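Asker: Shown below is the structure under consideration.
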Amino acid sequence: MAGISPPDLQKALSGAEYPADREQLVKVARKNHAPKEVTERIEHLGKKKYENPAEVSKAVFKNE
């Protein structure tokens, strides 16, 4: 999955409270009207809990 950037992810997760699980992050992204590619990438994260935005970013972009 290409086409999303770290700023796209940051914008999608604006207002998220941490620690957060994958489902909470998806809800925040949808509330922020994130592009489908961003929400799909978050939905496919493996880890259940993220302590901060850096952990989410690392997980999302690790396979690029």
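Chain labels follow the order of the structure tokens: the first chain is A, the next B, and so on; residue numbering restarts at 1 in every chain, and ligands are counted from 1 in their shown order.
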At a cut-off of 12 Å, using only C-alpha atoms, what residues contact Lys62 in chain A? Leave out same-chain residues fewer than 4 positions from it and give the result as a VMD selection string.

Answerer: chain A and resid 1 6 41 45 to 46 54 to 58

Asker: Give me the residues near Pro53 in chain A as a PDB file with all heavy atoms, in the first residue's frame, where near means some atom within 10 Å (using only C-alpha atoms) and where sequence neighbours in that chain fewer than 2 positions away do not count.

Answerer:
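The result, stored in around-v2.pdb:
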```
ATOM      1  N   LEU A   9      -1.092  10.473   8.042  1.00  0.00           N
ATOM      2  CA  LEU A   9      -1.392   9.689   9.232  1.00  0.00           C
ATOM      3  C   LEU A   9      -1.595  10.600  10.438  1.00  0.00           C
ATOM      4  O   LEU A   9      -2.538  10.421  11.212  1.00  0.00           O
ATOM      5  CB  LEU A   9      -0.270   8.678   9.498  1.00  0.00           C
ATOM      6  CG  LEU A   9      -0.504   7.744  10.672  1.00  0.00           C
ATOM      7  CD1 LEU A   9      -1.716   6.841  10.432  1.00  0.00           C
ATOM      8  CD2 LEU A   9       0.741   6.895  10.928  1.00  0.00           C
ATOM      9  N   GLN A  10      -0.719  11.594  10.591  1.00  0.00           N
ATOM     10  CA  GLN A  10      -0.845  12.526  11.708  1.00  0.00           C
ATOM     11  C   GLN A  10      -2.179  13.255  11.668  1.00  0.00           C
ATOM     12  O   GLN A  10      -2.851  13.419  12.694  1.00  0.00           O
ATOM     13  CB  GLN A  10       0.294  13.550  11.681  1.00  0.00           C
ATOM     14  CG  GLN A  10       1.638  12.959  12.027  1.00  0.00           C
ATOM     15  CD  GLN A  10       2.770  13.957  11.812  1.00  0.00           C
ATOM     16  OE1 GLN A  10       2.583  15.036  11.270  1.00  0.00           O
ATOM     17  NE2 GLN A  10       3.963  13.572  12.242  1.00  0.00           N
ATOM     18  N   LEU A  13      -5.071  10.970  12.687  1.00  0.00           N
ATOM     19  CA  LEU A  13      -5.114  10.614  14.103  1.00  0.00           C
ATOM     20  C   LEU A  13      -5.125  11.827  15.026  1.00  0.00           C
ATOM     21  O   LEU A  13      -4.955  11.682  16.241  1.00  0.00           O
ATOM     22  CB  LEU A  13      -3.944   9.688  14.436  1.00  0.00           C
ATOM     23  CG  LEU A  13      -3.967   8.348  13.699  1.00  0.00           C
ATOM     24  CD1 LEU A  13      -2.760   7.512  14.081  1.00  0.00           C
ATOM     25  CD2 LEU A  13      -5.256   7.591  13.949  1.00  0.00           C
ATOM     26  N   SER A  14      -5.354  12.998  14.473  1.00  0.00           N
ATOM     27  CA  SER A  14      -5.425  14.217  15.269  1.00  0.00           C
ATOM     28  C   SER A  14      -6.513  14.079  16.335  1.00  0.00           C
ATOM     29  O   SER A  14      -7.649  13.713  16.046  1.00  0.00           O
ATOM     30  CB  SER A  14      -5.735  15.398  14.357  1.00  0.00           C
ATOM     31  OG  SER A  14      -5.895  16.565  15.107  1.00  0.00           O
ATOM     32  N   ALA A  16      -6.418  11.915  18.855  1.00  0.00           N
ATOM     33  CA  ALA A  16      -6.423  10.592  19.485  1.00  0.00           C
ATOM     34  C   ALA A  16      -5.802  10.669  20.874  1.00  0.00           C
ATOM     35  O   ALA A  16      -4.854  11.420  21.093  1.00  0.00           O
ATOM     36  CB  ALA A  16      -5.653   9.593  18.624  1.00  0.00           C
ATOM     37  N   GLU A  17      -6.362   9.903  21.795  1.00  0.00           N
ATOM     38  CA  GLU A  17      -5.812   9.831  23.147  1.00  0.00           C
ATOM     39  C   GLU A  17      -5.077   8.513  23.309  1.00  0.00           C
ATOM     40  O   GLU A  17      -5.580   7.463  22.920  1.00  0.00           O
ATOM     41  CB  GLU A  17      -6.937   9.947  24.172  1.00  0.00           C
ATOM     42  CG  GLU A  17      -7.606  11.308  24.142  1.00  0.00           C
ATOM     43  CD  GLU A  17      -8.650  11.463  25.230  1.00  0.00           C
ATOM     44  OE1 GLU A  17      -8.632  10.695  26.209  1.00  0.00           O
ATOM     45  OE2 GLU A  17      -9.487  12.369  25.076  1.00  0.00           O
ATOM     46  N   TYR A  18      -3.895   8.588  23.888  1.00  0.00           N
ATOM     47  CA  TYR A  18      -3.047   7.400  24.062  1.00  0.00           C
ATOM     48  C   TYR A  18      -2.903   7.060  25.529  1.00  0.00           C
ATOM     49  O   TYR A  18      -2.940   7.957  26.362  1.00  0.00           O
ATOM     50  CB  TYR A  18      -1.668   7.669  23.435  1.00  0.00           C
ATOM     51  CG  TYR A  18      -1.755   7.839  21.940  1.00  0.00           C
ATOM     52  CD1 TYR A  18      -1.977   9.082  21.371  1.00  0.00           C
ATOM     53  CD2 TYR A  18      -1.643   6.740  21.108  1.00  0.00           C
ATOM     54  CE1 TYR A  18      -2.076   9.233  19.993  1.00  0.00           C
ATOM     55  CE2 TYR A  18      -1.734   6.877  19.726  1.00  0.00           C
ATOM     56  CZ  TYR A  18      -1.949   8.124  19.178  1.00  0.00           C
ATOM     57  OH  TYR A  18      -2.046   8.256  17.829  1.00  0.00           O
ATOM     58  N   PRO A  19      -2.705   5.776  25.858  1.00  0.00           N
ATOM     59  CA  PRO A  19      -2.638   4.645  24.938  1.00  0.00           C
ATOM     60  C   PRO A  19      -3.973   4.395  24.255  1.00  0.00           C
ATOM     61  O   PRO A  19      -5.033   4.698  24.808  1.00  0.00           O
ATOM     62  CB  PRO A  19      -2.240   3.466  25.821  1.00  0.00           C
ATOM     63  CG  PRO A  19      -2.608   3.865  27.203  1.00  0.00           C
ATOM     64  CD  PRO A  19      -2.570   5.364  27.256  1.00  0.00           C
ATOM     65  N   ALA A  20      -3.884   3.855  23.032  1.00  0.00           N
ATOM     66  CA  ALA A  20      -5.082   3.583  22.245  1.00  0.00           C
ATOM     67  C   ALA A  20      -4.923   2.244  21.540  1.00  0.00           C
ATOM     68  O   ALA A  20      -3.816   1.852  21.175  1.00  0.00           O
ATOM     69  CB  ALA A  20      -5.289   4.678  21.212  1.00  0.00           C
ATOM     70  N   TYR A  50      -1.205   0.990  21.445  1.00  0.00           N
ATOM     71  CA  TYR A  50      -0.138   1.908  21.051  1.00  0.00           C
ATOM     72  C   TYR A  50      -0.037   2.986  22.110  1.00  0.00           C
ATOM     73  O   TYR A  50      -1.042   3.555  22.517  1.00  0.00           O
ATOM     74  CB  TYR A  50      -0.433   2.508  19.669  1.00  0.00           C
ATOM     75  CG  TYR A  50      -0.412   1.440  18.612  1.00  0.00           C
ATOM     76  CD1 TYR A  50      -1.550   0.713  18.317  1.00  0.00           C
ATOM     77  CD2 TYR A  50       0.771   1.109  17.971  1.00  0.00           C
ATOM     78  CE1 TYR A  50      -1.518  -0.308  17.381  1.00  0.00           C
ATOM     79  CE2 TYR A  50       0.809   0.092  17.033  1.00  0.00           C
ATOM     80  CZ  TYR A  50      -0.332  -0.612  16.752  1.00  0.00           C
ATOM     81  OH  TYR A  50      -0.298  -1.632  15.833  1.00  0.00           O
ATOM     82  N   GLU A  51       1.190   3.247  22.549  1.00  0.00           N
ATOM     83  CA  GLU A  51       1.424   4.196  23.634  1.00  0.00           C
ATOM     84  C   GLU A  51       1.488   5.644  23.159  1.00  0.00           C
ATOM     85  O   GLU A  51       1.267   6.561  23.946  1.00  0.00           O
ATOM     86  CB  GLU A  51       2.716   3.853  24.379  1.00  0.00           C
ATOM     87  CG  GLU A  51       2.662   2.514  25.092  1.00  0.00           C
ATOM     88  CD  GLU A  51       1.593   2.464  26.169  1.00  0.00           C
ATOM     89  OE1 GLU A  51       1.413   3.466  26.895  1.00  0.00           O
ATOM     90  OE2 GLU A  51       0.923   1.421  26.280  1.00  0.00           O
ATOM     91  N   GLU A  55       4.685   5.232  17.863  1.00  0.00           N
ATOM     92  CA  GLU A  55       4.508   3.777  17.740  1.00  0.00           C
ATOM     93  C   GLU A  55       3.571   3.437  16.587  1.00  0.00           C
ATOM     94  O   GLU A  55       3.807   2.487  15.854  1.00  0.00           O
ATOM     95  CB  GLU A  55       3.952   3.176  19.034  1.00  0.00           C
ATOM     96  CG  GLU A  55       4.965   2.959  20.108  1.00  0.00           C
ATOM     97  CD  GLU A  55       4.406   2.142  21.272  1.00  0.00           C
ATOM     98  OE1 GLU A  55       3.261   1.667  21.208  1.00  0.00           O
ATOM     99  OE2 GLU A  55       5.150   1.986  22.250  1.00  0.00           O
ATOM    100  N   VAL A  56       2.514   4.216  16.426  1.00  0.00           N
ATOM    101  CA  VAL A  56       1.573   3.975  15.337  1.00  0.00           C
ATOM    102  C   VAL A  56       2.271   4.199  14.006  1.00  0.00           C
ATOM    103  O   VAL A  56       2.184   3.372  13.095  1.00  0.00           O
ATOM    104  CB  VAL A  56       0.331   4.887  15.443  1.00  0.00           C
ATOM    105  CG1 VAL A  56      -0.607   4.648  14.274  1.00  0.00           C
ATOM    106  CG2 VAL A  56      -0.386   4.673  16.763  1.00  0.00           C
ATOM    107  N   SER A  57       2.983   5.296  13.893  1.00  0.00           N
ATOM    108  CA  SER A  57       3.682   5.617  12.653  1.00  0.00           C
ATOM    109  C   SER A  57       4.696   4.537  12.296  1.00  0.00           C
ATOM    110  O   SER A  57       4.781   4.098  11.143  1.00  0.00           O
ATOM    111  CB  SER A  57       4.376   6.973  12.785  1.00  0.00           C
ATOM    112  OG  SER A  57       4.945   7.357  11.570  1.00  0.00           O
ATOM    113  N   LYS A  58       5.438   4.085  13.276  1.00  0.00           N
ATOM    114  CA  LYS A  58       6.433   3.033  13.047  1.00  0.00           C
ATOM    115  C   LYS A  58       5.752   1.765  12.524  1.00  0.00           C
ATOM    116  O   LYS A  58       6.228   1.135  11.583  1.00  0.00           O
ATOM    117  CB  LYS A  58       7.192   2.745  14.341  1.00  0.00           C
ATOM    118  CG  LYS A  58       8.319   1.762  14.190  1.00  0.00           C
ATOM    119  CD  LYS A  58       9.073   1.611  15.504  1.00  0.00           C
ATOM    120  CE  LYS A  58      10.186   0.588  15.355  1.00  0.00           C
ATOM    121  NZ  LYS A  58      10.924   0.408  16.601  1.00  0.00           N
ATOM    122  N   ALA A  59       4.630   1.405  13.113  1.00  0.00           N
ATOM    123  CA  ALA A  59       3.910   0.199  12.687  1.00  0.00           C
ATOM    124  C   ALA A  59       3.334   0.360  11.284  1.00  0.00           C
ATOM    125  O   ALA A  59       3.380  -0.573  10.476  1.00  0.00           O
ATOM    126  CB  ALA A  59       2.798  -0.122  13.687  1.00  0.00           C
TER     127      ALA A  59
END
```

Asker: Using only C-alpha atoms, determine which residues lie at most 12 Å from Glu37 in chain A, disregarding the query and same-chain residues fewer than 5 positions distant; provide the list as a tab-separated table (two decimals) with C-alpha atoms, in the first residue's frame.

Answerer:
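Below is the file that was written, result_7.tsv:
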```
chain	number	residue	atom	x	y	z
A	1	MET	CA	0.00	0.00	0.00
A	2	ALA	CA	1.60	3.16	-1.15
A	3	GLY	CA	0.35	6.66	-1.31
A	4	ILE	CA	0.03	7.74	2.30
A	5	SER	CA	2.55	9.91	4.06
A	8	ASP	CA	-1.56	12.04	6.26
A	9	LEU	CA	-1.39	9.69	9.23
A	12	ALA	CA	-6.02	11.25	10.47
A	26	VAL	CA	-9.77	3.64	13.36
A	29	ALA	CA	-9.39	8.40	11.67
A	30	ARG	CA	-12.96	8.01	10.41
A	42	ILE	CA	-4.67	1.34	10.56
A	43	GLU	CA	-7.22	-1.50	10.46
A	44	HIS	CA	-4.46	-3.94	9.47
A	60	VAL	CA	2.16	1.75	9.69
```

Asker: Mind giving me the straight-line distance from CA of Lys48 in chain A to CA of Gln24 in chain A in Å, one decimal?

Answerer: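 Taking CA of Lys48 in chain A and CA of Gln24 in chain A, their separation equals 10.1 Å.
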
Asker: Quick one: distance from CA of Lys11 in chain A to CA of Lys49 in chain A in Å, one decimal?

Answerer: 19.5 Å

Asker: Between CA of Pro35 in chain A and CA of Lys47 in chain A, what is the distance in Å, rounded to a tenth?

Answerer: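 Taking CA of Pro35 in chain A and CA of Lys47 in chain A, their separation equals 21.5 Å.
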
Asker: Which of chain A counts as strand (DSSP E) under DSSP, as a PDB file with N, CA and C atoms, in the first residue's frame please?

Answerer:
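That gives us out-v4.pdb:
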```
ATOM      1  N   ALA A  20      -3.884   3.855  23.032  1.00  0.00           N
ATOM      2  CA  ALA A  20      -5.082   3.583  22.245  1.00  0.00           C
ATOM      3  C   ALA A  20      -4.923   2.244  21.540  1.00  0.00           C
ATOM      4  N   ASP A  21      -6.046   1.562  21.371  1.00  0.00           N
ATOM      5  CA  ASP A  21      -5.984   0.314  20.609  1.00  0.00           C
ATOM      6  C   ASP A  21      -6.351   0.597  19.154  1.00  0.00           C
ATOM      7  N   LYS A  49      -2.260  -2.392  21.366  1.00  0.00           N
ATOM      8  CA  LYS A  49      -2.181  -1.111  22.084  1.00  0.00           C
ATOM      9  C   LYS A  49      -0.977  -0.302  21.604  1.00  0.00           C
ATOM     10  N   TYR A  50      -1.205   0.990  21.445  1.00  0.00           N
ATOM     11  CA  TYR A  50      -0.138   1.908  21.051  1.00  0.00           C
ATOM     12  C   TYR A  50      -0.037   2.986  22.110  1.00  0.00           C
TER      13      TYR A  50
END
```
